[in-house]
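A.B. asks: Next comes final.txt, compact mmCIF, C-alpha atoms:
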# COMPACT_ATOMS: atom_id res chain seq x y z
CA TYR A 23 252.83 101.98 67.46
CA THR A 24 253.70 101.96 63.77
CA THR A 25 253.71 105.15 61.71
CA SER A 26 252.36 104.70 58.18
CA VAL A 27 254.57 105.32 55.16
CA TYR A 28 253.12 107.76 52.65
CA MET A 29 253.56 108.55 48.97
CA TYR A 30 252.82 112.02 47.58
CA SER A 31 251.05 112.58 44.27
CA GLU A 32 249.31 115.63 42.83
CA GLY A 33 248.95 117.39 46.13
CA THR A 34 247.70 114.36 48.09
CA TYR A 35 249.30 111.88 50.50
CA PHE A 36 248.52 108.18 50.00
CA PRO A 37 249.56 105.26 52.25
CA LEU A 38 252.37 103.40 50.49
CA PHE A 39 251.21 100.02 51.79
CA PRO A 40 247.67 98.65 52.03
CA THR A 41 246.02 99.17 55.39
CA SER A 42 245.67 95.42 55.80
CA ILE A 43 249.41 94.92 56.18
CA GLN A 44 249.91 97.84 58.57
CA SER A 45 249.45 97.52 62.28
CA GLN A 46 246.78 99.83 63.61
CA PRO A 47 248.82 103.00 63.22
CA THR A 48 248.94 106.49 64.47
CA GLN A 49 249.04 108.00 61.01
CA VAL A 50 251.35 110.98 60.73
CA ALA A 51 251.68 112.62 57.33
CA PRO A 52 255.32 113.43 56.61
CA SER A 53 256.50 117.01 56.27
CA ASP A 54 257.07 118.57 52.87
CA ARG A 55 260.80 118.42 53.55
CA ASP A 56 260.69 114.69 54.29
CA MET A 57 258.67 114.01 51.14
CA GLU A 58 261.01 116.15 49.05
CA ARG A 59 263.96 114.22 50.41
CA GLU A 60 262.48 110.83 49.59
CA MET A 61 261.44 111.80 46.07
CA ILE A 62 264.87 113.25 45.39
CA ARG A 63 266.57 110.19 46.90
CA TYR A 64 264.78 108.01 44.37
CA ASP A 65 265.65 110.38 41.52
CA ILE A 66 269.34 110.45 42.47
CA GLU A 67 269.38 106.66 42.64
CA GLU A 68 267.96 106.38 39.13
CA SER A 69 270.35 108.99 37.70
CA GLY A 70 273.26 107.52 39.61
CA LYS A 71 272.70 104.07 38.16
CA LEU A 72 272.97 105.47 34.64
CA ILE A 73 276.32 107.15 35.23
CA GLY A 74 277.84 104.59 37.60
CA LEU A 75 277.60 106.33 40.95
CA SER A 76 278.03 103.98 43.88
CA PRO A 77 275.26 103.71 46.51
CA ARG A 78 277.57 105.52 48.92
CA GLN A 79 278.07 108.40 46.48
CA ARG A 80 274.32 108.68 45.91
CA ASP A 81 273.69 108.83 49.66
CA GLU A 82 276.43 111.44 50.09
CA TYR A 83 274.98 113.63 47.35
CA LEU A 84 271.64 113.72 49.15
CA VAL A 85 273.35 114.68 52.42
CA TYR A 86 275.28 117.45 50.65
CA LEU A 87 272.10 118.71 48.99
CA ASP A 88 270.24 118.76 52.30
CA SER A 89 273.05 120.64 54.01
CA ALA A 90 273.29 123.25 51.25
CA ALA A 91 269.52 123.75 51.08
CA SER A 92 269.27 124.13 54.87
CA ARG A 93 272.13 126.62 55.07
CA TYR A 94 270.58 128.96 52.51
CA LYS A 95 266.90 128.23 53.23
CA LEU A 96 266.19 126.88 49.76
CA PRO A 97 263.80 124.10 48.70
CA LEU A 98 265.69 120.87 48.09
CA ILE A 99 263.73 120.39 44.89
CA LEU A 100 265.04 123.68 43.47
CA ILE A 101 268.70 122.76 43.91
CA HIS A 102 268.05 119.20 42.77
CA THR A 103 266.46 120.25 39.49
CA MET A 104 269.25 122.69 38.69
CA VAL A 105 271.83 119.97 39.34
CA TYR A 106 269.88 117.68 37.05
CA VAL A 107 269.79 120.25 34.23
CA GLU A 108 273.45 121.17 34.63
CA SER A 109 274.98 117.71 34.99
CA ALA A 110 272.41 114.98 35.72
CA TYR A 111 274.58 114.26 38.80
CA ASP A 112 277.66 113.43 36.74
CA PRO A 113 280.57 115.15 38.55
CA SER A 114 282.66 114.99 35.39
CA ALA A 115 279.95 116.36 33.08
CA ALA A 116 281.30 118.39 30.18
CA HIS A 117 280.16 122.01 30.13
CA PRO A 118 280.41 124.19 27.01
CA GLN A 119 283.32 126.56 26.64
CA ILE A 120 282.55 130.19 27.40
CA SER A 121 284.47 133.45 27.38
CA VAL A 122 284.92 135.53 30.53
CA LYS A 123 286.77 138.84 30.21
CA GLY A 124 288.29 137.67 26.96
CA LYS A 125 289.53 134.36 28.35
CA LYS A 126 288.18 130.92 27.46
CA THR A 127 286.95 128.82 30.36
CA HIS A 128 284.39 126.19 31.37
CA ALA A 129 281.81 125.83 34.07
CA LEU A 130 282.66 123.09 36.57
CA GLY A 131 281.01 120.28 38.46
CA LEU A 132 277.51 119.23 39.38
CA MET A 133 276.05 122.73 39.27
CA GLY A 134 278.03 124.14 36.36
CA ILE A 135 279.77 126.88 38.32
CA VAL A 136 282.06 129.39 36.60
CA TRP A 137 284.89 130.28 38.94
CA GLU A 138 285.79 133.39 36.95
CA TYR A 139 282.33 134.80 37.67
CA ASN A 140 281.79 133.54 41.20
CA GLY A 141 285.20 132.87 42.71
CA GLU A 142 285.47 136.09 44.71
CA ALA A 143 282.05 135.64 46.32
CA LEU A 144 282.78 131.99 47.12
CA MET A 145 286.07 132.91 48.79
CA LYS A 146 284.38 135.60 50.90
CA GLU A 147 281.75 133.09 52.01
CA GLY A 148 284.48 130.58 52.94
CA ILE A 149 283.18 127.92 50.54
CA ALA A 150 286.20 127.59 48.26
CA VAL A 151 289.59 129.21 47.85
CA SER A 152 290.49 127.80 44.45
CA LYS A 153 288.87 126.77 41.18
CA LEU A 154 290.00 123.19 41.67
CA GLU A 155 287.80 122.84 44.76
CA LEU A 156 284.71 123.15 42.57
CA THR A 157 285.41 119.66 41.24
CA GLU A 158 284.51 118.28 44.69
CA PRO A 159 280.76 117.46 44.82
CA LYS A 160 280.28 118.68 48.40
CA THR A 161 281.93 122.03 47.69
CA ASN A 162 280.22 122.40 44.32
CA LEU A 163 276.74 121.84 45.73
CA MET A 164 277.31 124.31 48.58
CA ALA A 165 278.71 126.83 46.11
CA GLY A 166 275.73 126.38 43.80
CA ALA A 167 273.27 126.89 46.66
CA TYR A 168 275.09 130.05 47.70
CA ILE A 169 275.01 131.42 44.15
CA ILE A 170 271.26 130.70 43.96
CA HIS A 171 270.89 132.49 47.31
CA LEU A 172 272.75 135.53 45.97
CA ASP A 173 270.76 135.48 42.74
CA ILE A 174 267.41 135.33 44.54
CA SER A 175 268.45 138.12 46.91
CA GLU A 176 269.39 140.33 43.96
CA ILE A 177 266.22 139.46 42.05
CA PHE A 178 263.98 140.48 44.93
CA ALA A 179 266.08 143.55 45.77
CA LYS A 180 265.41 144.82 42.25
CA ASN A 181 261.81 143.65 42.10
CA PRO A 182 260.29 143.04 45.55
CA ASN A 183 256.85 142.54 43.99
CA LEU A 184 257.94 139.84 41.57
CA LYS A 185 255.05 137.53 40.73
CA GLU A 186 255.36 133.82 41.40
CA ASP A 187 254.96 132.85 37.76
CA MET A 188 258.00 134.95 36.80
CA PHE A 189 260.29 133.61 39.50
CA PHE A 190 261.88 130.81 37.49
CA ASP A 191 262.41 133.03 34.44
CA GLU A 192 264.33 135.55 36.51
CA LEU A 193 266.32 132.90 38.36
CA ILE A 194 267.42 131.25 35.11
CA LYS A 195 268.53 134.63 33.74
CA LYS A 196 270.70 135.18 36.79
CA TYR A 197 272.09 131.69 37.25
CA TYR A 198 272.60 130.74 33.60
CA GLY A 199 273.59 134.22 32.47
CA ALA A 200 270.66 134.70 30.11
CA TYR A 201 267.12 133.45 29.75
CA ASP A 202 267.04 130.10 27.96
CA GLY A 203 263.71 128.49 27.13
CA ASN A 204 265.22 125.03 26.82
CA TYR A 205 266.84 125.37 30.26
CA LYS A 206 263.49 126.30 31.77
CA THR A 207 261.66 123.49 29.97
CA ARG A 208 264.13 120.90 31.24
CA MET A 209 264.00 122.34 34.74
CA MET A 210 260.22 122.47 34.95
CA THR A 211 259.85 119.02 33.39
CA LYS A 212 262.11 117.55 36.06
CA ILE A 213 260.22 119.34 38.85
CA LYS A 214 256.90 118.05 37.53
CA ASP A 215 258.32 114.54 37.20
CA ILE A 216 258.72 114.30 40.95
CA SER A 217 256.22 116.79 42.33
CA SER A 218 253.09 118.73 41.40
CA LYS A 219 251.88 122.22 40.58
CA GLN A 220 250.81 122.69 44.18
CA TRP A 221 254.25 121.69 45.37
CA ILE A 222 255.92 124.16 43.02
CA ARG A 223 253.70 126.98 44.24
CA ARG A 224 254.47 126.14 47.87
CA ALA A 225 258.19 126.03 47.14
CA VAL A 226 258.12 129.49 45.56
CA LYS A 227 255.98 130.85 48.40
CA ASN A 228 258.49 129.49 50.91
CA ILE A 229 261.26 131.29 49.05
CA LEU A 230 259.26 134.52 49.19
CA VAL A 231 258.82 134.10 52.94
CA ASN A 232 262.45 133.19 53.62
CA TYR A 233 263.71 136.16 51.63
CA LYS A 234 261.30 138.47 53.46
CA VAL A 235 259.13 139.25 50.48
CA ALA A 236 255.38 139.45 50.90
CA PRO A 237 253.67 136.60 48.99
Any chance you could give the structure as structure tokens?
C.D. replies:
Amino acid sequence: YTTSVYMYSEGTYFPLFPTSIQSQPTQVAPSDRDMEREMIRYDIEESGKLIGLSPRQRDEYLVYLDSAASRYKLPLILIHTMVYVESAYDPSAAHPQISVKGKKTHALGLMGIVWEYNGEALMKEGIAVSKLELTEPKTNLMAGAYIIHLDISEIFAKNPNLKEDMFFDELIKKYYGAYDGNYKTRMMTKIKDISSKQWIRRAVKNILVNYKVAP
């Protein structure tokens, strides 16, 4: 038999091809994870074309994202949007200079990670042993996912009854270092570009479940 190919829009699955050109199928709607992956694949391809990523690099980035999201039980779309805001998938993206303990430094890589803030935790987790490793996309994405994991754990430890509509505000405060309205606007705009309100709510609910917080 042939399984139909679906497209997701505003909470609904639609066959990607007209029924007339499909064999009589056993129609199986894809999982949320599969749909997330395909939407993000397309988004990475479009971003990658603008900054000159090769098809191989674009495919590798999706594999790295999937691995990082699976390891820390995070929605792919969450990591993807934070990468997009931080670097738009440009591994050499310039990040603004900041001061950490009186020393000037920069965030690094796809997810804008500051080694001076996060290096000790990353070494303990076995993700990286030096700042230079954060320039490698695979390491940077895994490090970013781990930092998000730590941030979410701390957020819910302090406020186990956090409401869904405040989740992104609190996450941005932790990850970025302070709440930034522009950061949130860019993040939410990107999420809405490739998903829907229903999808966002499901993603947050999944986070609540995975981090053992009652929805």
A.B. asks: Contacts of stretch 224-233 of chain A at 12 Å or less, counting all atoms listed in the file, minus same-chain residues fewer than 5 places along, as a ChimeraX atom specification?
C.D. replies: /A:33,54-55,58,91-101,170-179,181-190,193,213,217-219
A.B. asks: Kindly provide the residues of stretch 144-228 of chain A that approach stretch 105-118 of chain A to within 7 Å, each paired with its closest atom pair and their distance in Å to one decimal, based on only C-alpha atoms, listed by chain and increasing number, as CSV.
C.D. replies:
residue,atom,partner,partner_atom,distance
A:Pro159,CA,A:Pro113,CA,6.7
A:Arg208,CA,A:Val107,CA,6.4
A:Met209,CA,A:Val107,CA,6.2
A.B. asks: I need the residue nearest A:His102 from this list: A:Ile169, A:Met61, A:Ala129, A:Met145. Use all atoms listed in the file for the distance.
C.D. replies: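 Between A:Ile169, A:Met61, A:Ala129, A:Met145, the residue approaching A:His102 most closely is A:Met61.
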A.B. asks: Would you pick out the contacts of A:Asp81 at 12 Å or less, using only C-alpha atoms, so that residues sharing its chain but fewer than 5 positions from it are not included, and give the list as a list in words?
C.D. replies: Arg59, Glu60, Ile62, Arg63, Tyr64, Asp65, Ile66, Glu67, Gly70, Leu75, Ser76, Tyr86, Leu87, Asp88 and Lys160 of chain A
A.B. asks: Nearest to A:Ala165: which of A:Trp221, A:Tyr83, A:Tyr205, A:Trp137 is it, counting only C-alpha atoms?
C.D. replies: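 Closest candidate: A:Trp137.
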A.B. asks: So what do you get for atom CA of A:Tyr198 versus atom CA of A:Lys212, distance-wise?
C.D. replies: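 Here the two named atoms are 17.0 Å from each other.
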A.B. asks: Kindly give the distance, in Å, that separates atom CA of A:Glu192 and atom CA of A:Glu158, rounded to a single decimal.
C.D. replies: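 So the two atoms, atom CA of A:Glu192 and atom CA of A:Glu158, lie 27.8 Å apart.
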A.B. asks: Please, what distance in Å, to one decimal, runs between atom CA of A:Ala90 and atom CA of A:Met164?
C.D. replies: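 Distance between the two atoms: 4.9 Å.
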A.B. asks: Under the rule that only C-alpha atoms are counted, which of A:Met133, A:Ala143, A:Met104, A:Met57 is the nearest residue to A:Leu163?
C.D. replies: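 Ranked by minimum distance to A:Leu163, first place goes to A:Met133.
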A.B. asks: Using all atoms listed in the file, which of A:Leu144, A:Val136, A:Leu154, A:Leu84 sits nearest A:Gln119?
C.D. replies: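 For A:Gln119, the nearest of the candidates is A:Val136.
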A.B. asks: My list of candidates is A:Ser89, A:Ala167, A:Thr103, A:Leu156. Which is closest to A:Ile222 when distances are computed with all atoms listed in the file?
C.D. replies: A:Thr103
A.B. asks: Determine the nearest neighbour of A:Lys196 from the options A:Tyr139, A:Lys123, A:Ile73, A:Val85, counting only C-alpha atoms.
C.D. replies: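 The answer is A:Tyr139, which sits nearest to A:Lys196.
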A.B. asks: Need a file for stretch 161-172 of chain A from that block: N, CA, C and O atoms, written as a PDB file, in the first residue's frame.
C.D. replies:
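Saved file selection22.pdb follows:
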ATOM      1  N   THR A 161      28.470  20.127  18.597  1.00  0.00           N
ATOM      2  CA  THR A 161      28.692  20.379  20.019  1.00  0.00           C
ATOM      3  C   THR A 161      27.862  21.562  20.494  1.00  0.00           C
ATOM      4  O   THR A 161      27.276  21.534  21.586  1.00  0.00           O
ATOM      5  N   ASN A 162      27.796  22.600  19.690  1.00  0.00           N
ATOM      6  CA  ASN A 162      27.072  23.805  20.073  1.00  0.00           C
ATOM      7  C   ASN A 162      25.585  23.526  20.258  1.00  0.00           C
ATOM      8  O   ASN A 162      24.968  23.991  21.227  1.00  0.00           O
ATOM      9  N   LEU A 163      25.000  22.763  19.350  1.00  0.00           N
ATOM     10  CA  LEU A 163      23.576  22.450  19.450  1.00  0.00           C
ATOM     11  C   LEU A 163      23.280  21.576  20.669  1.00  0.00           C
ATOM     12  O   LEU A 163      22.278  21.784  21.365  1.00  0.00           O
ATOM     13  N   MET A 164      24.148  20.607  20.941  1.00  0.00           N
ATOM     14  CA  MET A 164      23.949  19.771  22.127  1.00  0.00           C
ATOM     15  C   MET A 164      24.107  20.611  23.389  1.00  0.00           C
ATOM     16  O   MET A 164      23.339  20.456  24.358  1.00  0.00           O
ATOM     17  N   ALA A 165      25.098  21.510  23.383  1.00  0.00           N
ATOM     18  CA  ALA A 165      25.308  22.375  24.539  1.00  0.00           C
ATOM     19  C   ALA A 165      24.104  23.287  24.758  1.00  0.00           C
ATOM     20  O   ALA A 165      23.648  23.476  25.894  1.00  0.00           O
ATOM     21  N   GLY A 166      23.578  23.846  23.671  1.00  0.00           N
ATOM     22  CA  GLY A 166      22.417  24.716  23.785  1.00  0.00           C
ATOM     23  C   GLY A 166      21.211  23.993  24.341  1.00  0.00           C
ATOM     24  O   GLY A 166      20.488  24.515  25.193  1.00  0.00           O
ATOM     25  N   ALA A 167      20.981  22.762  23.872  1.00  0.00           N
ATOM     26  CA  ALA A 167      19.854  21.972  24.373  1.00  0.00           C
ATOM     27  C   ALA A 167      20.022  21.675  25.860  1.00  0.00           C
ATOM     28  O   ALA A 167      19.052  21.731  26.632  1.00  0.00           O
ATOM     29  N   TYR A 168      21.249  21.395  26.267  1.00  0.00           N
ATOM     30  CA  TYR A 168      21.495  21.106  27.684  1.00  0.00           C
ATOM     31  C   TYR A 168      21.254  22.350  28.538  1.00  0.00           C
ATOM     32  O   TYR A 168      20.657  22.265  29.626  1.00  0.00           O
ATOM     33  N   ILE A 169      21.676  23.496  28.054  1.00  0.00           N
ATOM     34  CA  ILE A 169      21.453  24.741  28.798  1.00  0.00           C
ATOM     35  C   ILE A 169      19.954  25.028  28.916  1.00  0.00           C
ATOM     36  O   ILE A 169      19.467  25.425  29.980  1.00  0.00           O
ATOM     37  N   ILE A 170      19.209  24.813  27.825  1.00  0.00           N
ATOM     38  CA  ILE A 170      17.748  24.978  27.888  1.00  0.00           C
ATOM     39  C   ILE A 170      17.168  24.019  28.921  1.00  0.00           C
ATOM     40  O   ILE A 170      16.289  24.391  29.717  1.00  0.00           O
ATOM     41  N   HIS A 171      17.647  22.779  28.912  1.00  0.00           N
ATOM     42  CA  HIS A 171      17.199  21.777  29.883  1.00  0.00           C
ATOM     43  C   HIS A 171      17.446  22.254  31.317  1.00  0.00           C
ATOM     44  O   HIS A 171      16.552  22.168  32.182  1.00  0.00           O
ATOM     45  N   LEU A 172      18.634  22.778  31.578  1.00  0.00           N
ATOM     46  CA  LEU A 172      18.948  23.278  32.914  1.00  0.00           C
ATOM     47  C   LEU A 172      18.067  24.473  33.271  1.00  0.00           C
ATOM     48  O   LEU A 172      17.577  24.583  34.404  1.00  0.00           O
TER      49      LEU A 172
END
